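Structure data follow from data-v3.txt (compact mmCIF, C-alpha atoms):
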```
# COMPACT_ATOMS: atom_id res chain seq x y z
CA MET D 1 89.05 74.92 79.72
CA LYS D 2 86.60 77.69 78.96
CA LYS D 3 85.09 78.70 82.32
CA VAL D 4 87.06 81.50 83.96
CA LEU D 5 86.69 83.27 87.29
CA ILE D 6 88.30 86.72 87.46
CA THR D 7 88.64 88.18 90.94
CA GLY D 8 88.77 91.95 90.93
CA GLY D 9 87.08 91.49 87.59
CA ALA D 10 85.46 94.91 87.47
CA GLY D 11 88.85 96.56 87.85
CA PHE D 12 90.98 98.00 85.10
CA ILE D 13 92.81 94.84 84.04
CA GLY D 14 89.96 92.50 84.94
CA SER D 15 87.26 94.22 82.89
CA ASN D 16 89.48 94.47 79.82
CA LEU D 17 90.54 90.84 80.18
CA ALA D 18 86.91 89.76 80.53
CA LEU D 19 85.86 91.50 77.32
CA TYR D 20 88.78 89.89 75.48
CA LEU D 21 87.99 86.39 76.81
CA LEU D 22 84.30 86.73 75.97
CA GLN D 23 85.29 87.39 72.35
CA LYS D 24 87.34 84.19 72.44
CA GLY D 25 84.38 82.10 73.59
CA TYR D 26 85.08 81.87 77.31
CA THR D 27 82.38 82.02 79.97
CA VAL D 28 83.36 84.57 82.60
CA THR D 29 82.43 84.86 86.26
CA MET D 30 83.56 87.87 88.29
CA LEU D 31 84.03 88.48 91.99
CA ASP D 32 84.46 92.16 92.89
CA ASN D 33 83.47 94.42 95.78
CA LEU D 34 83.27 97.59 93.61
CA LEU D 35 85.49 99.54 95.99
CA LYS D 36 84.59 103.24 95.98
CA GLN D 37 88.27 104.25 95.98
CA ILE D 38 88.51 102.76 92.48
CA HIS D 39 84.97 102.96 91.13
CA GLY D 40 83.71 106.17 92.74
CA GLU D 41 80.36 106.83 94.37
CA ASN D 42 77.40 104.68 93.25
CA PRO D 43 79.62 102.34 91.22
CA GLU D 44 76.75 100.13 90.02
CA GLN D 45 75.25 103.16 88.30
CA SER D 46 78.29 105.17 87.29
CA SER D 47 81.50 103.11 87.15
CA PRO D 48 82.59 102.90 83.48
CA LEU D 49 84.61 99.76 84.23
CA TYR D 50 81.68 97.94 85.83
CA LEU D 51 79.20 99.15 83.21
CA SER D 52 81.47 97.84 80.44
CA ILE D 53 80.97 94.24 81.64
CA ARG D 54 77.55 94.38 83.33
CA ASP D 55 75.11 91.84 81.86
CA LYS D 56 77.95 90.23 79.88
CA VAL D 57 79.36 88.12 82.72
CA HIS D 58 78.14 86.33 85.81
CA PHE D 59 78.87 89.05 88.36
CA ILE D 60 79.13 88.35 92.09
CA LYS D 61 79.40 91.39 94.33
CA GLY D 62 81.58 90.18 97.15
CA THR D 63 85.02 90.16 98.66
CA VAL D 64 87.99 87.82 98.57
CA THR D 65 88.15 88.04 102.37
CA SER D 66 84.91 86.01 102.54
CA GLY D 67 85.08 82.24 102.21
CA GLU D 68 81.39 82.15 101.35
CA ASP D 69 81.90 84.57 98.46
CA TRP D 70 84.86 82.52 97.23
CA GLN D 71 82.77 79.32 97.30
CA LYS D 72 80.05 80.94 95.19
CA ALA D 73 82.57 82.36 92.75
CA ILE D 74 84.67 79.23 92.25
CA ALA D 75 81.61 77.00 91.65
CA ASP D 76 82.36 75.01 88.47
CA ASN D 77 84.99 77.34 87.03
CA GLU D 78 88.12 75.74 85.60
CA ILE D 79 90.50 78.72 85.65
CA ILE D 80 90.98 81.41 88.28
CA VAL D 81 92.62 84.69 87.36
CA HIS D 82 93.29 86.24 90.76
CA LEU D 83 93.61 90.00 90.26
CA ALA D 84 91.77 91.25 93.35
CA ALA D 85 94.10 93.21 95.61
CA GLU D 86 94.56 96.43 97.49
CA THR D 87 97.01 98.46 95.42
CA GLY D 88 99.28 101.43 96.11
CA THR D 89 102.71 101.41 97.71
CA GLY D 90 102.21 104.60 99.72
CA GLN D 91 98.83 103.74 101.21
CA SER D 92 100.04 100.26 102.10
CA MET D 93 102.52 101.73 104.57
CA TYR D 94 99.78 102.99 106.90
CA GLU D 95 96.85 100.68 106.09
CA VAL D 96 98.92 97.60 106.76
CA SER D 97 96.16 95.38 108.13
CA ARG D 98 93.83 96.03 105.18
CA TYR D 99 96.52 95.25 102.63
CA VAL D 100 97.65 92.09 104.41
CA ASP D 101 94.10 90.84 105.05
CA THR D 102 93.01 91.34 101.45
CA ASN D 103 96.12 90.43 99.49
CA ILE D 104 97.53 87.61 101.61
CA GLY D 105 94.47 86.57 103.63
CA GLY D 106 92.15 86.56 100.63
CA THR D 107 94.58 84.43 98.64
CA ALA D 108 94.92 82.02 101.56
CA ILE D 109 91.14 81.55 101.70
CA MET D 110 91.12 80.64 98.00
CA LEU D 111 93.89 78.10 98.48
CA ASP D 112 92.15 76.60 101.53
CA ILE D 113 89.08 76.01 99.40
CA LEU D 114 91.09 74.42 96.59
CA ALA D 115 92.97 72.21 99.08
CA ASN D 116 89.95 71.03 101.05
CA ASN D 117 87.17 70.81 98.48
CA LYS D 118 86.63 69.03 95.23
CA THR D 119 86.63 71.70 92.52
CA LYS D 120 87.06 71.82 88.76
CA VAL D 121 89.88 74.34 88.95
CA GLN D 122 92.84 73.29 86.82
CA LYS D 123 94.81 76.55 86.60
CA VAL D 124 95.37 79.63 88.77
CA ILE D 125 96.91 82.82 87.44
CA VAL D 126 97.99 85.30 90.07
CA ALA D 127 98.73 88.98 89.54
CA SER D 128 102.10 89.69 91.06
CA SER D 129 103.94 93.00 90.70
CA ARG D 130 107.21 94.67 89.83
CA ALA D 131 107.03 95.96 93.43
CA ILE D 132 108.42 92.65 94.69
CA TYR D 133 111.84 93.55 93.24
CA GLY D 134 112.22 96.69 95.35
CA GLU D 135 115.07 98.65 93.85
CA GLY D 136 115.93 97.23 90.46
CA LYS D 137 118.98 95.50 89.05
CA TYR D 138 122.23 97.38 88.46
CA LEU D 139 125.68 96.72 87.09
CA SER D 140 128.75 97.71 89.07
CA ALA D 141 132.09 98.07 87.29
CA GLU D 142 133.75 96.54 90.35
CA LEU D 143 131.18 93.92 91.47
CA GLY D 144 129.05 92.94 88.48
CA ALA D 145 125.28 92.59 89.01
CA VAL D 146 124.11 94.10 92.30
CA TYR D 147 120.76 94.74 93.99
CA PRO D 148 120.92 97.90 96.11
CA SER D 149 119.05 98.12 99.40
CA HIS D 150 116.31 100.64 100.02
CA ARG D 151 117.45 104.23 99.91
CA ARG D 152 118.12 106.04 103.17
CA ALA D 153 116.04 109.04 104.24
CA GLU D 154 119.16 110.92 105.32
CA ASP D 155 120.59 110.67 101.79
CA MET D 156 117.37 111.76 100.11
CA ASP D 157 117.01 114.67 102.54
CA LYS D 158 120.24 115.97 100.95
CA GLY D 159 118.89 115.49 97.42
CA ASN D 160 120.86 112.30 96.78
CA PHE D 161 118.16 110.16 95.17
CA GLU D 162 120.12 107.66 93.10
CA VAL D 163 120.84 104.26 94.60
CA THR D 164 124.33 103.33 95.72
CA TYR D 165 126.06 100.10 96.64
CA PRO D 166 128.92 99.53 99.12
CA GLY D 167 132.28 99.15 97.41
CA SER D 168 131.03 100.29 94.01
CA SER D 169 131.42 103.34 91.86
CA VAL D 170 128.40 104.82 90.02
CA LEU D 171 125.90 102.09 89.12
CA LYS D 172 124.37 101.40 85.72
CA LEU D 173 120.66 100.56 85.65
CA VAL D 174 119.74 97.40 83.72
CA ALA D 175 116.49 95.51 83.12
CA THR D 176 115.19 93.36 85.98
CA ASP D 177 114.81 89.69 85.03
CA GLU D 178 112.77 87.06 86.85
CA ASP D 179 115.86 85.69 88.62
CA SER D 180 116.63 89.08 90.16
CA LYS D 181 116.66 89.50 93.92
CA ILE D 182 113.25 89.84 95.54
CA HIS D 183 113.40 92.48 98.27
CA PRO D 184 110.29 94.67 98.30
CA SER D 185 110.47 98.11 99.88
CA SER D 186 106.75 98.52 100.73
CA VAL D 187 104.02 96.57 102.48
CA TYR D 188 102.24 96.31 99.14
CA GLY D 189 105.33 94.72 97.60
CA ILE D 190 105.61 92.26 100.49
CA THR D 191 101.98 91.21 100.10
CA LYS D 192 102.43 90.61 96.37
CA GLN D 193 105.56 88.55 97.06
CA ASN D 194 103.59 86.43 99.53
CA GLN D 195 100.64 86.06 97.14
CA GLU D 196 102.90 84.82 94.40
CA GLN D 197 104.83 82.43 96.64
CA ILE D 198 101.86 80.73 98.29
CA VAL D 199 99.97 80.33 95.03
CA MET D 200 102.95 78.76 93.27
CA LEU D 201 103.72 76.50 96.23
CA VAL D 202 100.23 75.28 97.15
CA CYS D 203 98.95 74.87 93.60
CA LYS D 204 101.96 72.73 92.72
CA ALA D 205 101.26 70.51 95.73
CA LEU D 206 97.62 70.19 94.66
CA GLY D 207 98.45 69.34 91.04
CA ILE D 208 96.91 72.61 89.83
CA ALA D 209 98.82 74.59 87.20
CA ALA D 210 99.90 78.03 88.41
CA VAL D 211 101.25 81.09 86.62
CA ALA D 212 102.43 84.38 88.14
CA PHE D 213 102.61 87.60 86.15
CA ARG D 214 104.77 90.38 87.56
CA TYR D 215 102.99 93.36 86.01
CA GLN D 216 104.81 96.65 85.57
CA ASN D 217 102.91 99.99 85.55
CA VAL D 218 99.75 99.21 83.59
CA TYR D 219 97.95 102.14 81.93
CA GLY D 220 95.39 102.94 79.27
CA PRO D 221 91.82 104.09 78.62
CA GLY D 222 89.44 103.09 81.39
CA GLN D 223 91.79 103.22 84.36
CA SER D 224 90.41 104.93 87.43
CA LEU D 225 90.69 108.72 87.39
CA SER D 226 89.29 109.02 90.91
CA ASN D 227 91.84 106.94 92.84
CA PRO D 228 94.47 109.33 94.28
CA TYR D 229 96.66 106.56 95.67
CA THR D 230 97.91 104.82 92.56
CA GLY D 231 98.46 105.43 88.83
CA ILE D 232 100.67 108.39 88.08
CA LEU D 233 99.16 108.94 84.62
CA SER D 234 95.66 109.23 86.08
CA ILE D 235 96.81 111.38 89.01
CA PHE D 236 98.69 113.81 86.76
CA SER D 237 95.86 113.87 84.21
CA THR D 238 93.25 114.79 86.79
CA LEU D 239 95.49 117.56 88.12
CA ILE D 240 96.18 118.95 84.63
CA LYS D 241 92.50 118.89 83.73
CA ASN D 242 91.82 120.85 86.92
CA TYR D 243 94.54 123.36 85.90
CA LYS D 244 96.59 122.50 88.97
CA PRO D 245 100.40 122.32 89.09
CA LEU D 246 102.21 118.99 89.01
CA ASN D 247 104.41 118.61 92.07
CA ILE D 248 107.00 116.09 90.94
CA PHE D 249 108.75 114.03 93.60
CA GLU D 250 112.50 113.74 93.99
CA ASP D 251 114.23 115.28 90.95
CA GLY D 252 111.85 113.95 88.28
CA LYS D 253 114.43 111.48 86.98
CA GLU D 254 112.95 108.45 88.75
CA SER D 255 111.68 105.98 86.15
CA ARG D 256 109.20 103.19 85.56
CA ASP D 257 108.18 100.69 82.87
CA PHE D 258 104.74 101.65 81.50
CA VAL D 259 102.89 98.86 79.72
CA TYR D 260 99.66 99.39 77.78
CA ILE D 261 96.50 97.60 78.90
CA ASP D 262 95.96 95.73 75.61
CA ASP D 263 99.43 94.22 75.88
CA VAL D 264 98.77 93.16 79.48
CA VAL D 265 95.53 91.48 78.45
CA LYS D 266 97.25 89.59 75.64
CA ALA D 267 100.05 88.44 77.95
CA THR D 268 97.55 87.23 80.55
CA ALA D 269 95.50 85.42 77.93
CA LEU D 270 98.66 83.61 76.77
CA GLY D 271 99.11 82.43 80.35
CA ILE D 272 95.58 81.06 80.35
CA LYS D 273 95.94 79.28 77.05
CA LYS D 274 99.51 78.02 76.90
CA GLU D 275 100.75 75.02 78.86
CA GLU D 276 104.27 76.41 78.51
CA ALA D 277 103.26 79.00 81.10
CA ASN D 278 102.44 76.44 83.78
CA GLY D 279 104.57 76.62 86.90
CA GLU D 280 106.36 79.77 85.69
CA VAL D 281 106.64 83.44 86.67
CA PHE D 282 106.87 86.13 84.01
CA ASN D 283 107.55 89.83 83.86
CA VAL D 284 104.92 91.73 81.89
CA GLY D 285 106.14 95.12 80.73
CA SER D 286 107.28 97.12 77.76
CA GLY D 287 110.96 96.66 78.51
CA VAL D 288 111.42 100.44 78.26
CA SER D 289 112.29 102.88 81.06
CA THR D 290 110.48 106.25 81.15
CA THR D 291 111.13 109.03 83.67
CA VAL D 292 108.42 110.80 85.64
CA MET D 293 109.45 114.13 84.09
CA GLU D 294 109.03 112.63 80.60
CA VAL D 295 105.55 111.49 81.63
CA ALA D 296 104.61 114.94 82.96
CA LYS D 297 105.85 116.79 79.87
CA SER D 298 104.13 114.34 77.50
CA LEU D 299 100.80 114.69 79.30
CA VAL D 300 100.96 118.50 79.27
CA LYS D 301 101.77 118.43 75.55
CA ASN D 302 98.98 115.97 74.71
CA TYR D 303 96.34 117.92 76.63
CA GLY D 304 97.53 121.30 75.41
CA ILE D 305 97.15 122.68 78.92
CA GLU D 306 100.14 124.47 80.40
CA VAL D 307 100.53 123.92 84.14
CA PRO D 308 103.63 124.42 86.29
CA LEU D 309 105.91 121.41 86.66
CA ASN D 310 107.36 121.83 90.13
CA VAL D 311 110.28 119.56 91.01
CA THR D 312 109.86 119.47 94.78
CA GLY D 313 112.59 117.22 96.12
CA ASN D 314 109.92 115.55 98.27
CA TYR D 315 109.88 111.77 98.47
CA ARG D 316 107.73 108.96 99.81
CA LEU D 317 109.11 106.21 102.00
CA GLY D 318 108.64 102.90 100.19
CA ASP D 319 109.06 104.34 96.69
CA ILE D 320 111.80 102.91 94.50
CA ARG D 321 114.11 104.91 92.24
CA HIS D 322 114.09 102.87 89.03
CA ASN D 323 112.78 99.61 87.66
CA TYR D 324 112.08 98.30 84.19
CA ALA D 325 111.45 94.77 83.05
CA ASP D 326 113.53 92.26 81.17
CA ILE D 327 110.78 90.62 79.10
CA SER D 328 112.91 88.12 77.21
CA LYS D 329 111.47 85.14 79.12
CA ILE D 330 107.84 85.82 78.23
CA GLN D 331 108.87 86.62 74.67
CA GLN D 332 110.70 83.31 74.28
CA ARG D 333 108.37 81.03 76.24
CA LEU D 334 104.95 82.44 75.35
CA GLY D 335 105.60 84.47 72.20
CA PHE D 336 104.53 87.71 73.84
CA GLN D 337 105.57 90.95 72.18
CA PRO D 338 104.38 94.38 73.38
CA SER D 339 102.76 96.11 70.44
CA VAL D 340 101.90 99.58 71.76
CA SER D 341 104.68 102.14 72.31
CA PHE D 342 104.45 104.57 75.20
CA LYS D 343 103.91 107.49 72.81
CA GLU D 344 101.09 105.68 71.01
CA GLY D 345 99.54 104.36 74.23
CA LEU D 346 99.68 107.75 75.92
CA LYS D 347 97.89 109.35 72.97
CA LYS D 348 95.09 106.77 73.27
CA PHE D 349 94.93 107.35 77.01
CA THR D 350 94.84 111.15 76.84
CA ASP D 351 92.24 111.11 74.04
CA TRP D 352 90.07 108.95 76.29
CA VAL D 353 90.62 111.18 79.34
CA SER D 354 89.58 114.21 77.27
CA SER D 355 86.25 112.50 76.58
CA GLN D 356 85.53 111.97 80.27
CA GLU D 357 83.92 114.18 82.88
CA ILE D 358 86.78 114.95 85.27
CA GLY D 359 86.03 115.44 88.95
CA GLU D 360 88.03 117.32 91.56
CA SER D 361 91.45 115.89 92.32
CA ARG D 362 91.76 114.25 95.74
CA TYR D 363 95.50 113.87 95.38
CA ASP D 364 96.40 116.61 97.85
CA GLU D 365 94.33 114.80 100.49
CA SER D 366 96.29 111.59 99.95
CA ILE D 367 99.59 113.47 100.21
CA GLN D 368 98.46 115.14 103.43
CA GLU D 369 97.59 111.71 104.84
CA MET D 370 101.10 110.48 104.13
CA LYS D 371 102.65 113.59 105.66
CA GLU D 372 100.63 113.11 108.82
CA LYS D 373 101.87 109.51 109.05
CA GLY D 374 105.47 110.64 108.60
CA LEU D 375 105.78 108.75 105.30
CA MET D 376 106.08 111.78 103.02
CA LYS D 377 109.23 113.87 103.35
```

Please express the file's structure as structure tokens.
Amino acid sequence: MKKVLITGGAGFIGSNLALYLLQKGYTVTMLDNLLKQIHGENPEQSSPLYLSIRDKVHFIKGTVTSGEDWQKAIADNEIIVHLAAETGTGQSMYEVSRYVDTNIGGTAIMLDILANNKTKVQKVIVASSRAIYGEGKYLSAELGAVYPSHRRAEDMDKGNFEVTYPGSSVLKLVATDEDSKIHPSSVYGITKQNQEQIVMLVCKALGIAAVAFRYQNVYGPGQSLSNPYTGILSIFSTLIKNYKPLNIFEDGKESRDFVYIDDVVKATALGIKKEEANGEVFNVGSGVSTTVMEVAKSLVKNYGIEVPLNVTGNYRLGDIRHNYADISKIQQRLGFQPSVSFKEGLKKFTDWVSSQEIGESRYDESIQEMKEKGLMK
């Protein structure tokens, strides 16, 4: 199978995956709407991501919410890598219809076409997310493995940001494996859960191989610097380059698993190539937990620009406290091994950012939106 359709193909993961697959001899078709939130104004003239793949792939400007666009894109392709989605936990909480229509509705249209038409599609890879886990996995001295519920606003108002569990003493954070409880705490997380579930269910019924990748926080050169709704490294970088202070939510000790783009591409390519991936879900991460304060300090150091790091105690409804991936399954089944450390990857990212023309940060506008909706405290 050498003919691949990548939805959201002009995005950060999609464009990098396309360039990798082209080197491996694949023919690539892309479906992407070149959303201004990601690609900026006049994306067909100025988006670095789009320009990196223009004229190298069969590009279809369209949307996954259109059955007609899906029909054109699927054509005679044998593999679909379904990356197209609205992203951002915060924004999803007040643009509910857009997130549901695109992420769930768009996926349903694809599956309708596969179920009711004769196609050449033999495998579907769907981009899931660490957001489906909600709060991560913890160990309780009294209860063993537990999965805490979403944190309460009244606790966080008092500065109590760590998760708790009834009947347990202080919890110990551990890596989240694929068998962990799925209980998303945002609309975005719910849509990714639904995407994953319907793809795995329907494709199995149709005799089409399906693979779901639960990506952690993907970063690296090329990611959007203009999108104020997602990507903490980009958001912080744009603020630093504009000599603006970093207002750090909660107490700065909240943590995430940051995985470098090249490692994500390699993991996804293994899912395309290996039959051992069929019918399985995999975490894709570094397996390392990094705090937001560590991120902020590392960025300031790499750029050599001193800006205030203000720990605000503010928080967003829908945000989780901690999560990092147990990647033992993808290591054992597919032979995946992350090769870029956070320190090394961040250096590559900040070197790239320093070569870019940085526009004004729109982050404050996005925060004000959330405050007006009552979702930012």

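Distances here use all atoms listed in the file; by that measure, the residue among D:Arg256, D:Lys348, D:Lys158, D:Lys377 closest to Gln216 (chain D) is D:Arg256.
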
**Prompt:** Looking at all atoms listed in the file, which of D:Val170, D:Leu317, D:Leu239, D:Leu225 is the one that sits closest to Leu375 (chain D)?
**Reply:**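 Looking at the shortest contact to Leu375 (chain D), the residue is D:Leu317.
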
**Message:** Neighbouring residues of region 275-291 of chain D were defined as those with any atom within 8 Å, considering all atoms listed in the file; residues of the same chain fewer than 5 positions away were excluded. Please report them as an MDAnalysis selection string.
**Reply:** chainID D and resid 130 175 177:178 200 204 209:217 252:260 264 267 270 323:327 329:330 333:334 338 341

**Request:** One decimal, Å: what's the distance from CA of Ile358 (chain D) over to CA of Val311 (chain D), could you say?
**Result:**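 A separation of 24.6 Å between them.
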
**Request:** Give me the residues within 8 Å of Asp319 (chain D) as an MDAnalysis selection string, counting only C-alpha atoms and dropping any in the same chain fewer than 4 places off.
**Result:** chainID D and resid 89:90 185:186 315

**Item:** One-decimal distance in Å that lies between CA of Ala153 (chain D) and CA of Arg321 (chain D)
**Value:** 12.8 Å

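Closest approach to Leu114 (chain D) from the set D:Leu19, D:Ile74, D:Met293, D:Leu34 is made by D:Ile74, with distances taken over all atoms listed in the file.
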
**Request:** Would you list the residues near (95.3, 111.4, 96.7) (no more than 10 Å away, in the coordinates of the file, using only C-alpha atoms) as a list in words?
**Result:** Gln91, Ser226, Asn227, Pro228, Tyr229, Thr230, Ile235, Ser361, Arg362, Tyr363, Asp364, Glu365, Ser366, Ile367, Gln368, Glu369 and Met370 of chain D

Could you write region 26-55 of chain D of the block just shown to a file containing N, CA and C atoms, as a compact mmCIF listing (two decimals), in the first residue's frame?
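File written: part_20.txt
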```
# COMPACT_ATOMS: atom_id res chain seq x y z
N TYR D 26 6.03 6.87 -1.02
CA TYR D 26 4.57 6.92 -1.01
C TYR D 26 4.07 8.06 -1.90
N THR D 27 2.87 7.91 -2.41
CA THR D 27 2.15 8.99 -3.09
C THR D 27 1.17 9.58 -2.08
N VAL D 28 1.21 10.89 -1.92
CA VAL D 28 0.44 11.53 -0.86
C VAL D 28 -0.61 12.49 -1.40
N THR D 29 -1.83 12.30 -0.92
CA THR D 29 -2.92 13.25 -1.16
C THR D 29 -3.24 13.93 0.16
N MET D 30 -3.59 15.20 0.11
CA MET D 30 -3.93 15.94 1.32
C MET D 30 -5.29 16.59 1.19
N LEU D 31 -6.01 16.58 2.30
CA LEU D 31 -7.25 17.35 2.42
C LEU D 31 -7.07 18.30 3.61
N ASP D 32 -7.18 19.61 3.35
CA ASP D 32 -6.96 20.59 4.42
C ASP D 32 -7.69 21.88 4.05
N ASN D 33 -8.25 22.53 5.06
CA ASN D 33 -8.97 23.79 4.78
C ASN D 33 -8.12 25.03 5.03
N LEU D 34 -6.85 24.84 5.41
CA LEU D 34 -5.91 25.95 5.65
C LEU D 34 -6.51 26.99 6.60
N LEU D 35 -6.96 26.53 7.74
CA LEU D 35 -7.60 27.37 8.74
C LEU D 35 -6.69 28.53 9.15
N LYS D 36 -7.22 29.74 9.13
CA LYS D 36 -6.41 30.92 9.44
C LYS D 36 -5.88 30.90 10.87
N GLN D 37 -6.62 30.29 11.78
CA GLN D 37 -6.18 30.22 13.18
C GLN D 37 -4.83 29.51 13.29
N ILE D 38 -4.59 28.57 12.40
CA ILE D 38 -3.33 27.81 12.39
C ILE D 38 -2.33 28.39 11.41
N HIS D 39 -2.81 28.73 10.21
CA HIS D 39 -1.90 29.09 9.11
C HIS D 39 -1.73 30.59 8.90
N GLY D 40 -2.50 31.41 9.63
CA GLY D 40 -2.39 32.85 9.48
C GLY D 40 -3.14 33.38 8.28
N GLU D 41 -3.01 34.68 8.06
CA GLU D 41 -3.64 35.32 6.91
C GLU D 41 -2.95 34.88 5.62
N ASN D 42 -3.73 34.78 4.54
CA ASN D 42 -3.19 34.40 3.22
C ASN D 42 -2.33 33.15 3.28
N PRO D 43 -2.87 32.06 3.81
CA PRO D 43 -2.05 30.86 4.04
C PRO D 43 -1.42 30.28 2.77
N GLU D 44 -2.10 30.43 1.63
CA GLU D 44 -1.55 29.84 0.40
C GLU D 44 -0.32 30.59 -0.10
N GLN D 45 -0.11 31.80 0.44
CA GLN D 45 1.08 32.56 0.08
C GLN D 45 2.12 32.58 1.20
N SER D 46 1.67 32.41 2.45
CA SER D 46 2.60 32.69 3.55
C SER D 46 2.72 31.60 4.62
N SER D 47 1.91 30.55 4.56
CA SER D 47 2.00 29.52 5.59
C SER D 47 3.22 28.63 5.34
N PRO D 48 4.21 28.64 6.27
CA PRO D 48 5.39 27.79 6.07
C PRO D 48 5.04 26.31 5.97
N LEU D 49 4.03 25.87 6.73
CA LEU D 49 3.65 24.47 6.69
C LEU D 49 3.10 24.10 5.32
N TYR D 50 2.20 24.91 4.80
CA TYR D 50 1.62 24.63 3.48
C TYR D 50 2.69 24.73 2.40
N LEU D 51 3.52 25.76 2.46
CA LEU D 51 4.54 25.95 1.43
C LEU D 51 5.55 24.81 1.43
N SER D 52 5.74 24.15 2.57
CA SER D 52 6.71 23.04 2.63
C SER D 52 6.26 21.83 1.83
N ILE D 53 4.95 21.72 1.58
CA ILE D 53 4.46 20.54 0.84
C ILE D 53 3.78 20.90 -0.49
N ARG D 54 3.62 22.19 -0.75
CA ARG D 54 2.97 22.60 -2.00
C ARG D 54 3.75 22.07 -3.21
N ASP D 55 3.05 21.59 -4.18
CA ASP D 55 3.63 21.04 -5.42
C ASP D 55 4.32 19.69 -5.22
```
